[in-house]
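Undergrad: Below are the structure tokens for one structure; questions will follow.
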Amino acid sequence: MSAEARLANTSITQLDPSLTKDVLYNRLVEILNKSQIDEIGVLPFLPEPEHCQGKGEDYVQYPFVVQEQRTKLGIPIFCWVPILDAAYGVFKDAVKSSCSSSSSSQVAGGESVEWWQDPVRCKSVVESSACLMIFCPDSFMAANARKRLVQEGYQSAAEEIRFLDTILTFPRNCKSSGAWYHRKWLICFMHKDHRKVPLDPLTVEGQLKICQAAADRYPKCYYAWTLRHWLVEQLGVYWWKASLADYEASNSSQDQQERNGDYYFMPLEREFERMKSHMQRNVSDHSGQQHLQQCMVQLSGQWIVQRKIQDSITDSEVVLQWTREELSSRRQRRMTTDTRLRWRKRRMQREVSQEEKKDTEKDMVQNKKAQQKEMREDQPRSYRSAIRSQVQDPSTLMVVPFFDQERALSLALARASFPWVVQLWFSELERTRYMVRAYPGHESLWYHLRFVYYGVCWLDSESELLFGLDGDSKEQAKEWEQGDGADDEEDGGAEGDEWFVSLASEKAFVKDLLAGIGLEVVQRSLAEKYLAWVERLDIGHQEEMEKEDDENQ
């Protein structure tokens, strides 16, 4: 048994016989009713009576300590058990369905009313459930009673959320599932249409800060991280809409776009930056890494997230189609598109050649210049890698250092566009590699590196950007399918034939890493496992493509 548990189970009557459970309960209730408490702490001792009484107070506070203008409350650890016992007794008596004939809860005809309709019993439930929630937030009995008070209008949902904020200042309460479930229920109650309209970004950001404070007090707070994921999904709806092709057209005013950007988009960016800072301080926090990944997914919009829309955008199933089979299929489609584009480029070159023979020398020069200009404007360069096709000079990708907040926020200039998302993932890839070097032996960093590598591979195989062919596409595609593009398909000298990240790039990274770690056994083992994972992923792609080729033949 821990020292805290032994102290909590010590009978306070052994220390002061006058402090019975009913006395403690009544004094705590009076403090909660007459003070604006916003923080609760544990006292591992029983204070002296003269240290407990505040100036000008007309009620007895001993053994509790109230400081800083009645906003901070200290509760001796010896009081927990007797107060819980007394609060449970009061709560149980107040919520009884039947009542005595002398009770004020009876109405004409002898019929009893519900406890929340009786002022006396309702007040008892409010006070006793507050004590139960402070010392035992997992009491679903108390939480459900307070939900009933909110539903019937006897308690404000906003005030209840502020009460939960106070409860969470008690560090041991941060890991309570009941408190976090109750918080989510209250948020949904306040925003009943959250399935059709996402939560207001400022509301979400305020709740995210509460979650961050809880994570700082108690890092392994899984229920808080679960709520935090849900809040980020609410913000992700705005980014998903922004990534759609017709989003800019729907916002005609540039001023409106700027206002929308600051209001709707910045909260998720700030959460992403907070998480990077959090992971800098807690490199082994797997829960934090997973939330950082959730932020990246939501920031990526439609380029990563697939939404199966039901009645509305928020009432939809968010799907990450990350399967290896789907990734292999995307790569195959990407290579097919790449080959078709090279064929179209050569076809246009042949047409230019034929025109040169027919025209006079003067006309030939003019036509050649015009058609070359058309080719430059209309035809993208042939790249197997989607990232290289969008960013023709990869060195122009801005790698944002994790400590440079201002430059990180400047990424918002072209939110949710494909180049912006590529830049986001590339910067995170470089940051994670730096963290792996700076903090050797942390498994969470290597697993995060796998996630980022896989995400870059997914973006690198994006083919929808180049699948759209212009007006002559049907005829040209038919010619290509009939075999006119076969020579190009076998041509191995295409520009940009390599993927942006590959087995070769990771081998080079791991080789360089292993060369400088000396006898660090754990780091070497994790690096070898990572490289083996990348190799299996690459082999899996090759096998899937070979299987698809066999089926086509």
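Numbering starts fresh at 1 for the residues of each chain in the structure tokens, the chains themselves are lettered A, B, ... in the order given, and ligands are numbered from 1 as they appear.
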Near region 429-446 of chain A, counting only C-alpha atoms, which residues have an atom at most 8 Å away, once you skip same-chain residues fewer than 5 positions from it, shown as a PyMOL selection string?
TA: chain A and resi 283-286+289+399+401-402+452-453+513+520+522-523+526-527+530
Undergrad: Got a sec: who's within 10 Å of Thr71 (chain A), counting only C-alpha atoms, leaving out chain neighbours fewer than 4 positions off, as a PyMOL selection string?
TA: chain A and resi 32+35-40+66-67
Undergrad: How about saving the chosen residues, N, CA, C and O atoms kept, as a CSV table (one decimal), in the first residue's frame?
TA:
```
chain,number,residue,atom,x,y,z
A,32,LEU,N,-17.3,25.3,-0.3
A,32,LEU,CA,-17.6,25.3,-1.7
A,32,LEU,C,-18.7,26.2,-2.1
A,32,LEU,O,-18.7,26.8,-3.2
A,35,SER,N,-17.2,30.1,-1.6
A,35,SER,CA,-15.9,30.5,-2.2
A,35,SER,C,-15.9,30.1,-3.7
A,35,SER,O,-16.7,29.3,-4.1
A,36,GLN,N,-15.1,30.8,-4.4
A,36,GLN,CA,-14.9,30.5,-5.9
A,36,GLN,C,-13.6,29.7,-6.1
A,36,GLN,O,-12.6,30.2,-6.5
A,37,ILE,N,-13.7,28.4,-5.7
A,37,ILE,CA,-12.5,27.6,-5.8
A,37,ILE,C,-12.2,27.2,-7.2
A,37,ILE,O,-13.0,26.8,-8.0
A,38,ASP,N,-10.9,27.4,-7.6
A,38,ASP,CA,-10.5,27.1,-8.9
A,38,ASP,C,-9.3,26.1,-8.9
A,38,ASP,O,-8.7,25.7,-10.0
A,39,GLU,N,-8.8,25.8,-7.7
A,39,GLU,CA,-7.7,24.8,-7.6
A,39,GLU,C,-7.8,24.1,-6.3
A,39,GLU,O,-8.0,24.7,-5.2
A,40,ILE,N,-7.6,22.8,-6.3
A,40,ILE,CA,-7.6,21.9,-5.1
A,40,ILE,C,-6.3,21.2,-5.0
A,40,ILE,O,-5.7,20.7,-5.9
A,66,VAL,N,-8.0,27.6,3.0
A,66,VAL,CA,-8.5,28.3,1.9
A,66,VAL,C,-7.6,29.6,1.8
A,66,VAL,O,-7.4,30.4,2.7
A,67,GLN,N,-6.9,29.7,0.6
A,67,GLN,CA,-6.0,30.8,0.4
A,67,GLN,C,-6.3,31.6,-0.9
A,67,GLN,O,-7.1,31.2,-1.7
```
Undergrad: Can you tell me, as number ranges by chain, what residues are no more than 10 Å from Val421 (chain A) when counting only C-alpha atoms, ignoring any on the same chain fewer than 2 positions away?
TA: A: 243, 296-297, 299-301, 303-304, 411, 414-419, 423-427, 456, 459
